[in-house]
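J.: As input, take model_22.tsv (TSV, C-alpha atoms):
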chain	number	residue	atom	x	y	z
A	30	MET	CA	34.19	130.30	79.51
A	31	THR	CA	37.93	129.59	79.76
A	32	SER	CA	40.23	132.40	78.65
A	33	LEU	CA	43.85	132.25	77.56
A	34	SER	CA	44.97	133.64	80.92
A	35	ASP	CA	43.38	130.63	82.66
A	36	LEU	CA	45.62	128.17	80.81
A	37	PRO	CA	49.12	127.08	81.89
A	38	ILE	CA	50.71	128.93	78.98
A	39	ARG	CA	54.45	129.68	79.02
A	40	ASP	CA	55.23	132.79	81.05
A	41	ASP	CA	57.15	134.39	78.20
A	42	LEU	CA	54.07	134.13	75.93
A	43	ARG	CA	51.68	135.82	78.37
A	44	GLY	CA	50.50	139.16	77.03
A	45	GLN	CA	51.74	138.45	73.51
A	46	THR	CA	49.49	139.04	70.51
A	47	PRO	CA	49.52	136.90	67.36
A	48	TYR	CA	50.50	138.20	63.95
A	49	GLY	CA	47.36	139.68	62.50
A	50	ALA	CA	47.23	141.71	59.33
A	51	PRO	CA	43.58	142.75	58.85
A	52	GLN	CA	41.58	140.29	56.76
A	53	LYS	CA	38.59	141.99	55.21
A	54	ALA	CA	36.57	141.26	52.09
A	55	VAL	CA	37.36	144.31	49.97
A	56	ARG	CA	37.49	145.07	46.27
A	57	ILE	CA	41.07	146.39	46.36
A	58	ALA	CA	43.42	144.69	48.87
A	59	LEU	CA	46.76	146.48	49.06
A	60	ASN	CA	47.73	145.64	52.62
A	61	VAL	CA	49.91	142.49	52.76
A	62	ASN	CA	52.30	142.96	49.82
A	63	GLU	CA	50.77	140.23	47.69
A	64	ASN	CA	51.23	140.14	43.95
A	65	THR	CA	47.83	141.48	42.90
A	66	HIS	CA	48.17	140.02	39.39
A	67	PRO	CA	46.60	136.56	39.06
A	68	VAL	CA	48.57	133.51	37.97
A	69	PRO	CA	48.39	133.17	34.15
A	70	PRO	CA	45.88	130.57	32.89
A	71	GLU	CA	48.54	128.43	31.19
A	72	VAL	CA	50.46	128.17	34.45
A	73	ILE	CA	47.30	127.31	36.38
A	74	ALA	CA	46.67	124.45	33.96
A	75	HIS	CA	50.23	123.17	34.31
A	76	VAL	CA	50.16	123.37	38.13
A	77	ALA	CA	46.74	121.68	38.26
A	78	ALA	CA	48.00	118.80	36.10
A	79	ALA	CA	51.09	118.40	38.30
A	80	VAL	CA	49.00	118.33	41.48
A	81	GLU	CA	46.61	115.82	39.92
A	82	ARG	CA	49.55	113.52	39.13
A	83	ALA	CA	50.81	113.89	42.69
A	84	LEU	CA	47.39	112.89	44.03
A	85	HIS	CA	47.87	109.40	42.59
A	86	ASP	CA	50.61	108.86	45.21
A	87	VAL	CA	49.07	110.85	48.03
A	88	ASN	CA	48.58	107.65	50.04
A	89	ARG	CA	52.38	107.58	50.41
A	90	TYR	CA	54.60	110.03	52.31
A	91	PRO	CA	56.32	112.57	50.06
A	92	ASP	CA	60.05	112.83	49.40
A	93	ARG	CA	61.20	114.35	52.68
A	94	GLU	CA	64.31	115.72	50.95
A	95	PHE	CA	62.13	117.40	48.27
A	96	THR	CA	64.87	116.54	45.80
A	97	LEU	CA	63.18	117.67	42.60
A	98	LEU	CA	62.06	120.94	44.16
A	99	ARG	CA	65.58	121.68	45.37
A	100	GLU	CA	66.92	121.07	41.88
A	101	HIS	CA	64.41	123.51	40.41
A	102	LEU	CA	65.08	126.15	43.08
A	103	SER	CA	68.81	125.77	42.47
A	104	ALA	CA	68.31	126.24	38.73
A	105	TYR	CA	66.14	129.30	39.32
A	106	LEU	CA	68.64	130.99	41.66
A	107	SER	CA	71.54	130.17	39.36
A	108	ALA	CA	69.90	131.35	36.13
A	109	GLY	CA	71.24	134.36	34.27
A	110	GLY	CA	74.71	134.31	35.78
A	111	ALA	CA	74.10	137.35	38.00
A	112	SER	CA	74.80	135.32	41.14
A	113	PRO	CA	77.14	132.43	41.88
A	114	ILE	CA	75.73	128.99	41.20
A	115	VAL	CA	73.77	127.70	44.19
A	116	GLY	CA	73.72	123.91	44.24
A	117	PRO	CA	70.73	121.79	45.32
A	118	GLU	CA	72.70	120.75	48.42
A	119	GLN	CA	72.62	124.43	49.48
A	120	ILE	CA	68.82	124.72	49.29
A	121	TRP	CA	66.23	124.34	52.03
A	122	ALA	CA	62.48	124.86	51.69
A	123	ALA	CA	59.46	124.94	53.98
A	124	ASN	CA	55.84	126.04	54.25
A	125	GLY	CA	56.46	129.73	53.64
A	126	SER	CA	59.54	131.70	54.62
A	127	ASN	CA	58.15	131.96	58.16
A	128	GLU	CA	58.73	128.24	58.68
A	129	VAL	CA	62.22	128.65	57.22
A	130	ILE	CA	62.88	131.36	59.83
A	131	GLN	CA	61.44	129.11	62.53
A	132	HIS	CA	63.80	126.29	61.52
A	133	ILE	CA	66.76	128.66	61.73
A	134	LEU	CA	65.85	129.75	65.25
A	135	GLN	CA	65.08	126.18	66.34
A	136	ALA	CA	68.55	125.13	65.19
A	137	PHE	CA	70.62	128.17	66.12
A	138	GLY	CA	68.50	130.11	68.62
A	139	GLY	CA	66.47	128.92	71.61
A	140	PRO	CA	66.60	129.48	75.37
A	141	GLY	CA	69.71	131.30	76.51
A	142	ARG	CA	70.44	132.62	73.00
A	143	ARG	CA	69.84	136.00	71.36
A	144	VAL	CA	68.71	137.12	67.91
A	145	LEU	CA	69.42	140.69	66.82
A	146	GLY	CA	67.02	142.64	64.64
A	147	PHE	CA	66.72	146.25	63.51
A	148	PRO	CA	63.16	147.61	63.97
A	149	PRO	CA	61.09	148.65	62.24
A	150	THR	CA	61.42	145.35	60.45
A	151	TYR	CA	59.37	142.27	59.60
A	152	SER	CA	57.19	141.67	62.65
A	153	MET	CA	57.34	137.88	62.39
A	154	HIS	CA	61.05	137.92	63.22
A	155	SER	CA	60.39	138.88	66.84
A	156	ILE	CA	57.23	136.75	67.04
A	157	ILE	CA	59.07	133.60	65.89
A	158	ALA	CA	61.90	134.46	68.28
A	159	ALA	CA	59.40	134.48	71.15
A	160	GLY	CA	57.87	131.21	69.98
A	161	THR	CA	61.27	129.48	70.02
A	162	GLY	CA	62.33	130.94	73.36
A	163	THR	CA	65.03	133.08	71.73
A	164	ALA	CA	65.71	136.50	73.29
A	165	TRP	CA	64.93	139.33	70.84
A	166	VAL	CA	67.44	142.19	71.05
A	167	THR	CA	67.39	145.27	68.86
A	168	GLY	CA	69.69	147.74	67.18
A	169	GLU	CA	69.08	151.26	65.94
A	170	ARG	CA	68.61	152.36	62.34
A	171	ASP	CA	70.01	155.41	60.63
A	172	ALA	CA	68.02	158.26	59.04
A	173	GLU	CA	65.20	157.31	56.67
A	174	PHE	CA	65.22	153.74	58.07
A	175	THR	CA	68.56	152.94	56.40
A	176	LEU	CA	71.26	150.80	58.02
A	177	THR	CA	74.94	151.62	57.57
A	178	PRO	CA	77.83	149.23	58.31
A	179	ASP	CA	78.98	151.27	61.31
A	180	THR	CA	75.54	151.35	62.92
A	181	ALA	CA	74.89	147.66	62.33
A	182	VAL	CA	78.33	146.55	63.56
A	183	ALA	CA	77.95	148.65	66.70
A	184	ALA	CA	74.74	146.77	67.52
A	185	VAL	CA	76.42	143.41	66.93
A	186	ARG	CA	79.29	144.29	69.25
A	187	ARG	CA	76.92	145.60	71.91
A	188	THR	CA	74.57	142.59	71.94
A	189	ASP	CA	76.84	139.68	70.86
A	190	PRO	CA	73.95	137.80	69.19
A	191	ASP	CA	73.82	134.15	68.22
A	192	VAL	CA	71.70	135.04	65.16
A	193	VAL	CA	71.33	138.30	63.24
A	194	PHE	CA	68.29	139.05	61.06
A	195	LEU	CA	68.65	141.54	58.22
A	196	CYS	CA	65.99	142.49	55.64
A	197	ALA	CA	67.05	143.40	52.10
A	198	PRO	CA	65.00	145.33	51.14
A	199	ASN	CA	63.52	146.00	54.52
A	200	ASN	CA	59.89	145.36	55.43
A	201	PRO	CA	57.83	147.46	56.27
A	202	THR	CA	59.95	150.38	55.05
A	203	GLY	CA	61.06	149.10	51.61
A	204	THR	CA	64.51	150.64	52.08
A	205	PRO	CA	67.46	148.89	50.42
A	206	LEU	CA	70.31	147.32	52.36
A	207	GLY	CA	73.83	147.56	51.03
A	208	LEU	CA	75.97	144.47	50.57
A	209	ASP	CA	78.69	146.33	52.50
A	210	THR	CA	76.45	146.32	55.58
A	211	ILE	CA	75.74	142.59	55.24
A	212	ALA	CA	79.44	141.78	54.82
A	213	ALA	CA	80.39	143.98	57.79
A	214	VAL	CA	77.78	142.35	60.04
A	215	TYR	CA	79.04	138.92	59.02
A	216	GLU	CA	82.63	139.80	59.88
A	217	ALA	CA	81.62	141.27	63.25
A	218	SER	CA	79.34	138.37	64.21
A	219	ARG	CA	80.17	134.94	65.57
A	220	GLY	CA	76.78	133.43	64.75
A	221	ILE	CA	74.33	132.93	61.92
A	222	VAL	CA	73.54	135.97	59.76
A	223	MET	CA	70.24	135.61	57.92
A	224	VAL	CA	69.35	138.00	55.11
A	225	ASP	CA	65.61	138.01	54.42
A	226	GLU	CA	65.28	138.70	50.68
A	227	ALA	CA	61.54	138.12	50.32
A	228	TYR	CA	61.34	141.04	47.87
A	229	ALA	CA	64.61	140.46	45.98
A	230	GLU	CA	62.96	140.18	42.56
A	231	PHE	CA	61.66	143.75	42.86
A	232	MET	CA	65.11	145.27	43.34
A	233	PRO	CA	66.51	147.30	40.40
A	234	ALA	CA	67.45	145.08	37.46
A	235	GLY	CA	71.07	143.95	37.61
A	236	GLN	CA	71.45	144.87	41.28
A	237	PRO	CA	73.64	142.26	43.07
A	238	ASP	CA	71.86	140.40	45.84
A	239	ALA	CA	73.02	138.69	49.02
A	240	LEU	CA	73.50	135.39	47.18
A	241	SER	CA	76.67	136.93	45.76
A	242	LEU	CA	78.12	136.97	49.29
A	243	LEU	CA	77.59	133.26	50.03
A	244	PRO	CA	80.94	131.84	48.82
A	245	GLY	CA	83.34	131.56	51.75
A	246	ARG	CA	80.75	132.59	54.33
A	247	GLU	CA	79.49	129.38	55.92
A	248	ARG	CA	77.36	131.20	58.53
A	249	LEU	CA	75.47	133.32	55.99
A	250	VAL	CA	71.88	132.38	55.10
A	251	VAL	CA	69.76	134.02	52.38
A	252	SER	CA	66.02	133.39	52.54
A	253	ARG	CA	63.52	133.87	49.71
A	254	THR	CA	59.84	133.20	49.04
A	255	MET	CA	57.52	132.33	46.16
A	256	SER	CA	54.73	134.38	47.79
A	257	LYS	CA	55.57	137.77	46.28
A	258	ALA	CA	57.06	137.98	42.79
A	259	PHE	CA	55.79	134.47	41.91
A	260	ALA	CA	52.20	135.34	42.93
A	261	PHE	CA	52.14	132.06	44.88
A	262	ALA	CA	51.23	133.29	48.36
A	263	GLY	CA	48.44	130.76	48.82
A	264	ALA	CA	50.75	127.83	48.06
A	265	ARG	CA	53.05	128.65	51.02
A	266	LEU	CA	56.57	127.96	49.78
A	267	GLY	CA	59.63	129.66	51.23
A	268	TYR	CA	63.24	128.64	50.83
A	269	LEU	CA	66.84	129.58	51.61
A	270	ALA	CA	70.35	129.17	50.28
A	271	ALA	CA	73.28	128.48	52.59
A	272	ASP	CA	76.31	126.31	53.16
A	273	PRO	CA	75.42	122.58	53.10
A	274	ALA	CA	76.37	122.33	56.78
A	275	VAL	CA	73.56	124.78	57.62
A	276	ILE	CA	71.14	122.57	55.69
A	277	ASP	CA	72.27	119.60	57.77
A	278	ALA	CA	71.49	121.57	60.94
A	279	LEU	CA	67.97	122.37	59.73
A	280	ARG	CA	67.29	118.68	59.11
A	281	LEU	CA	67.66	118.17	62.88
A	282	VAL	CA	64.65	120.36	63.69
A	283	ARG	CA	62.22	119.93	60.80
A	284	LEU	CA	59.17	117.77	61.30
A	285	PRO	CA	59.08	114.55	59.24
A	286	TYR	CA	57.76	115.09	55.71
A	287	HIS	CA	57.12	118.76	56.46
A	288	LEU	CA	56.54	119.66	52.80
A	289	SER	CA	53.50	117.89	51.36
A	290	GLY	CA	53.73	116.15	48.01
A	291	LEU	CA	51.07	118.52	46.66
A	292	THR	CA	53.06	121.58	47.71
A	293	GLN	CA	56.19	120.19	46.12
A	294	ALA	CA	54.39	119.38	42.86
A	295	ALA	CA	52.77	122.81	42.65
A	296	ALA	CA	56.01	124.67	43.36
A	297	VAL	CA	57.99	122.64	40.81
A	298	ALA	CA	55.34	123.27	38.15
A	299	ALA	CA	55.38	127.02	38.89
A	300	LEU	CA	59.18	127.13	38.69
A	301	GLU	CA	59.01	125.43	35.30
A	302	HIS	CA	57.16	128.57	34.17
A	303	ALA	CA	59.41	131.04	36.00
A	304	PRO	CA	59.70	133.58	33.13
A	305	THR	CA	55.91	133.65	32.75
A	306	MET	CA	55.32	133.87	36.49
A	307	LEU	CA	57.75	136.79	36.77
A	308	ARG	CA	56.31	138.71	33.84
A	309	THR	CA	54.47	141.05	36.20
A	310	VAL	CA	57.57	142.13	38.14
A	311	GLY	CA	58.36	144.99	35.77
A	312	ALA	CA	54.77	146.22	35.84
A	313	ILE	CA	54.76	146.13	39.65
A	314	ARG	CA	58.02	148.10	39.78
A	315	GLU	CA	56.39	150.72	37.54
A	316	GLN	CA	53.43	151.09	39.90
A	317	ARG	CA	55.73	151.25	42.92
A	318	ASP	CA	57.74	154.04	41.30
A	319	ARG	CA	54.51	155.76	40.30
A	320	LEU	CA	53.40	155.68	43.95
A	321	LEU	CA	56.70	157.27	45.01
A	322	VAL	CA	56.11	160.17	42.61
A	323	GLU	CA	52.38	160.64	43.10
A	324	LEU	CA	52.37	160.34	46.89
A	325	ALA	CA	55.01	163.06	47.06
A	326	ARG	CA	52.92	165.20	44.70
A	327	LEU	CA	49.98	164.81	47.10
A	328	GLY	CA	52.11	166.18	49.94
A	329	PHE	CA	53.10	162.93	51.62
A	330	ALA	CA	56.64	161.74	52.31
A	331	PRO	CA	57.20	158.34	50.66
A	332	HIS	CA	60.36	156.42	51.55
A	333	ASP	CA	62.62	154.98	48.88
A	334	SER	CA	61.53	151.41	48.13
A	335	TRP	CA	63.10	148.43	46.39
A	336	ALA	CA	60.14	146.22	47.30
A	337	ASN	CA	56.60	145.92	45.91
A	338	PHE	CA	55.17	148.42	48.39
A	339	VAL	CA	55.68	151.99	49.57
A	340	LEU	CA	55.76	153.31	53.12
A	341	PHE	CA	54.71	156.95	53.22
A	342	GLY	CA	54.90	159.48	56.02
A	343	GLY	CA	53.29	162.86	56.48
A	344	VAL	CA	49.92	161.30	57.34
A	345	SER	CA	48.34	163.59	59.91
A	346	ASP	CA	45.75	161.01	61.04
A	347	PRO	CA	46.66	157.47	59.90
A	348	GLN	CA	43.54	155.91	61.41
A	349	ALA	CA	41.19	158.37	59.68
A	350	THR	CA	43.00	157.90	56.37
A	351	PHE	CA	42.89	154.12	56.74
A	352	GLU	CA	39.14	154.21	57.49
A	353	HIS	CA	38.44	156.62	54.62
A	354	LEU	CA	40.11	154.28	52.15
A	355	LEU	CA	38.31	151.30	53.67
A	356	GLU	CA	34.97	153.06	53.15
A	357	HIS	CA	35.89	153.08	49.46
A	358	ASP	CA	36.66	149.34	49.54
A	359	ILE	CA	40.43	149.87	49.58
A	360	LEU	CA	42.49	148.15	52.27
A	361	ILE	CA	46.05	149.30	53.02
A	362	ARG	CA	48.23	148.77	56.13
A	363	ASP	CA	48.85	150.71	59.31
A	364	VAL	CA	52.18	149.27	60.46
A	365	GLY	CA	52.22	151.17	63.74
A	366	LEU	CA	54.73	153.87	62.76
A	367	PRO	CA	53.52	157.35	63.78
A	368	ASN	CA	52.12	159.37	60.87
A	369	HIS	CA	52.86	156.56	58.39
A	370	LEU	CA	50.88	154.09	56.29
A	371	ARG	CA	51.99	151.41	53.82
A	372	VAL	CA	50.45	150.50	50.47
A	373	THR	CA	51.20	147.61	48.13
A	374	ALA	CA	51.85	148.40	44.47
A	375	GLY	CA	48.82	146.93	42.71
A	376	THR	CA	47.64	146.85	39.14
A	377	PRO	CA	47.52	150.18	37.26
A	378	ALA	CA	43.77	150.42	37.86
A	379	GLU	CA	44.12	149.65	41.59
A	380	THR	CA	46.91	152.20	41.98
A	381	THR	CA	44.88	154.84	40.14
A	382	GLU	CA	41.83	154.34	42.34
A	383	PHE	CA	43.90	154.38	45.52
A	384	LEU	CA	45.56	157.66	44.51
A	385	ASP	CA	42.29	159.23	43.41
A	386	VAL	CA	40.52	158.41	46.68
A	387	LEU	CA	43.51	159.65	48.67
A	388	ALA	CA	43.66	162.88	46.64
A	389	ARG	CA	40.00	163.64	47.29
A	390	MET	CA	40.63	163.31	51.02
A	391	ASN	CA	43.85	165.32	50.88
A	392	PRO	CA	43.25	168.02	48.23
Write the structure described by the file as structure tokens, please.

T.:
Amino acid sequence: MTSLSDLPIRDDLRGQTPYGAPQKAVRIALNVNENTHPVPPEVIAHVAAAVERALHDVNRYPDREFTLLREHLSAYLSAGGASPIVGPEQIWAANGSNEVIQHILQAFGGPGRRVLGFPPTYSMHSIIAAGTGTAWVTGERDAEFTLTPDTAVAAVRRTDPDVVFLCAPNNPTGTPLGLDTIAAVYEASRGIVMVDEAYAEFMPAGQPDALSLLPGRERLVVSRTMSKAFAFAGARLGYLAADPAVIDALRLVRLPYHLSGLTQAAAVAALEHAPTMLRTVGAIREQRDRLLVELARLGFAPHDSWANFVLFGGVSDPQATFEHLLEHDILIRDVGLPNHLRVTAGTPAETTEFLDVLARMNP
């Protein structure tokens, strides 16, 4: 039987492994930072009706500029007045934020170019870099997985990257990233600076986000997703805000009609119910903060988190702990950091059971 090594695969892909969070049928899945609260029934009905209407035109190609979706995303990002108004011409969307990242590297990365990241960080950043032939170079982090302006700028000056990836808050650590670090990296860099804000809605209420830095910074890109706070992971809709010139560059690399009409209809319908869809954000923050307190009480060392998950250290045997939880039908994540595991903030009942099972193992 033919194996991968027998095929004329690109040399730079040999030995690579695909992204692969464990997929197991368990009662309590707290491993991939999903919103564990289901979509409200009234929103399901509205989305289903919108998709049904879109099916009447499914014999035709969809709007490749996803005009209506961009208008709704613009309205969502501009609501409340906490951030500057982001116009529809500043919006780009794709099939999940991973495709958004891929478009960025297709347009601004590629062979002979470098993208700088700060591990531990979102693993798909380096995987997509490899897939686009972009060299992945790394910088150090400070204590407790933080990233100060001085440390970040030193890495930029050392590597001279064409693209810089920052996570705010960071994944898999949950640690916040100061706007001063983002601004300093932008000033030190000559290329695109992308801030991955997949978990922005879980930051403390009123906390300014990277969108506030967009005016006057034409090389700054802020990416978001509907997978987390919107509980829309299965719909696959990611997006970004940037200068309109950046959007023009992404048009050069996207595939024709890359967003299906059904995806567009579903996302627009969900955005029309944004307050309802985001009703669970406060409850998830409460469970995250509860995890920070209770994990410390159990003798672990949780790291500060502004996301919907908690990374905790002090795990003497991560594999044994992971397997023990799995035996109780609870799936969390081993992210490969020594003596650490990561758990998503679930419903109150899910969080309680996770903590109870962990406490019985670690009395």

J.: What's around region 263-273 of chain A at 6 Å? Count all atoms listed in the file, leave out sequence neighbours fewer than 3 positions away in its own chain, and write the answer as a ChimeraX atom specification.

T.: /A:118-126,247,250-255,276

J.: Using all atoms listed in the file for the distances, tell me which of A:Met306, A:Ala388, A:Leu340, A:Leu106 is nearest to Ala239 (chain A).

T.: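 So, comparing all the options, the nearest one is A:Leu106.
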
J.: Just the residues within 8 Å of region 352-359 of chain A, please, counting only C-alpha atoms, with nothing from its chain fewer than 5 positions along; format it as a VMD selection string.

T.: chain A and resid 55 to 59 383 386 to 387 390

J.: Just checking: using all atoms listed in the file, which residue out of A:Arg314, A:Arg170, A:His101, A:His66 ends up closest to Ala298 (chain A)?

T.: A:His101

J.: Would you list the contacts of Asn62 (chain A) as number ranges by chain, taking every protein, DNA or RNA residue within 8 Å and counting all atoms listed in the file, but skipping same-chain residues closer than 6 positions in sequence?

T.: A: 257, 337-338, 372-374

J.: Give me, as a list in words, all polymer residues having an atom no more than 9 Å from Ile114 (chain A), counting all atoms listed in the file and skipping those fewer than 5 positions away in the same chain.

T.: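 In the requested form, the answer reads Ser103, Ala104, Leu106, Ser107 and Ala108 of chain A.
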
J.: As a ChimeraX atom specification, please: the residues near Ala181 (chain A) (cut-off 8 Å, all atoms listed in the file, same-chain neighbours under 2 positions excluded).

T.: /A:168-170,176-179,183-185,210,214

J.: At the level of C-alpha atoms, write region 270-312 of chain A to a file as a PDB file, in the first residue's frame, please.

T.:
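Output saved as result_14.pdb:
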ATOM      1  CA  ALA A 270     -10.694  44.192   9.765  1.00  0.00           C
ATOM      2  CA  ALA A 271      -7.944  46.133   8.021  1.00  0.00           C
ATOM      3  CA  ASP A 272      -7.191  48.991   5.672  1.00  0.00           C
ATOM      4  CA  PRO A 273      -9.126  48.659   2.373  1.00  0.00           C
ATOM      5  CA  ALA A 274      -5.822  48.219   0.526  1.00  0.00           C
ATOM      6  CA  VAL A 275      -5.199  45.016   2.511  1.00  0.00           C
ATOM      7  CA  ILE A 276      -8.634  43.767   1.459  1.00  0.00           C
ATOM      8  CA  ASP A 277      -7.701  44.423  -2.171  1.00  0.00           C
ATOM      9  CA  ALA A 278      -4.576  42.286  -1.703  1.00  0.00           C
ATOM     10  CA  LEU A 279      -6.601  39.393  -0.303  1.00  0.00           C
ATOM     11  CA  ARG A 280      -8.884  39.454  -3.336  1.00  0.00           C
ATOM     12  CA  LEU A 281      -5.846  38.471  -5.424  1.00  0.00           C
ATOM     13  CA  VAL A 282      -5.427  35.129  -3.649  1.00  0.00           C
ATOM     14  CA  ARG A 283      -8.930  34.003  -2.685  1.00  0.00           C
ATOM     15  CA  LEU A 284     -10.581  31.281  -4.714  1.00  0.00           C
ATOM     16  CA  PRO A 285     -13.638  32.358  -6.731  1.00  0.00           C
ATOM     17  CA  TYR A 286     -16.846  32.373  -4.672  1.00  0.00           C
ATOM     18  CA  HIS A 287     -14.960  31.041  -1.647  1.00  0.00           C
ATOM     19  CA  LEU A 288     -17.843  31.736   0.754  1.00  0.00           C
ATOM     20  CA  SER A 289     -20.927  29.687  -0.085  1.00  0.00           C
ATOM     21  CA  GLY A 290     -24.323  31.346  -0.236  1.00  0.00           C
ATOM     22  CA  LEU A 291     -25.491  29.095   2.606  1.00  0.00           C
ATOM     23  CA  THR A 292     -22.595  30.156   4.827  1.00  0.00           C
ATOM     24  CA  GLN A 293     -23.277  33.801   4.101  1.00  0.00           C
ATOM     25  CA  ALA A 294     -26.991  33.443   4.848  1.00  0.00           C
ATOM     26  CA  ALA A 295     -26.383  31.590   8.111  1.00  0.00           C
ATOM     27  CA  ALA A 296     -23.785  34.090   9.333  1.00  0.00           C
ATOM     28  CA  VAL A 297     -25.966  37.106   8.500  1.00  0.00           C
ATOM     29  CA  ALA A 298     -28.918  35.554  10.333  1.00  0.00           C
ATOM     30  CA  ALA A 299     -26.758  34.853  13.397  1.00  0.00           C
ATOM     31  CA  LEU A 300     -25.412  38.413  13.399  1.00  0.00           C
ATOM     32  CA  GLU A 301     -28.980  39.712  13.321  1.00  0.00           C
ATOM     33  CA  HIS A 302     -29.331  38.028  16.733  1.00  0.00           C
ATOM     34  CA  ALA A 303     -25.935  39.123  18.070  1.00  0.00           C
ATOM     35  CA  PRO A 304     -27.151  40.123  21.572  1.00  0.00           C
ATOM     36  CA  THR A 305     -28.900  36.762  21.979  1.00  0.00           C
ATOM     37  CA  MET A 306     -25.939  34.817  20.607  1.00  0.00           C
ATOM     38  CA  LEU A 307     -23.575  36.584  23.013  1.00  0.00           C
ATOM     39  CA  ARG A 308     -25.762  36.098  26.071  1.00  0.00           C
ATOM     40  CA  THR A 309     -23.562  33.234  27.262  1.00  0.00           C
ATOM     41  CA  VAL A 310     -20.315  35.249  27.255  1.00  0.00           C
ATOM     42  CA  GLY A 311     -20.798  36.484  30.817  1.00  0.00           C
ATOM     43  CA  ALA A 312     -21.611  32.995  32.062  1.00  0.00           C
TER      44      ALA A 312
END
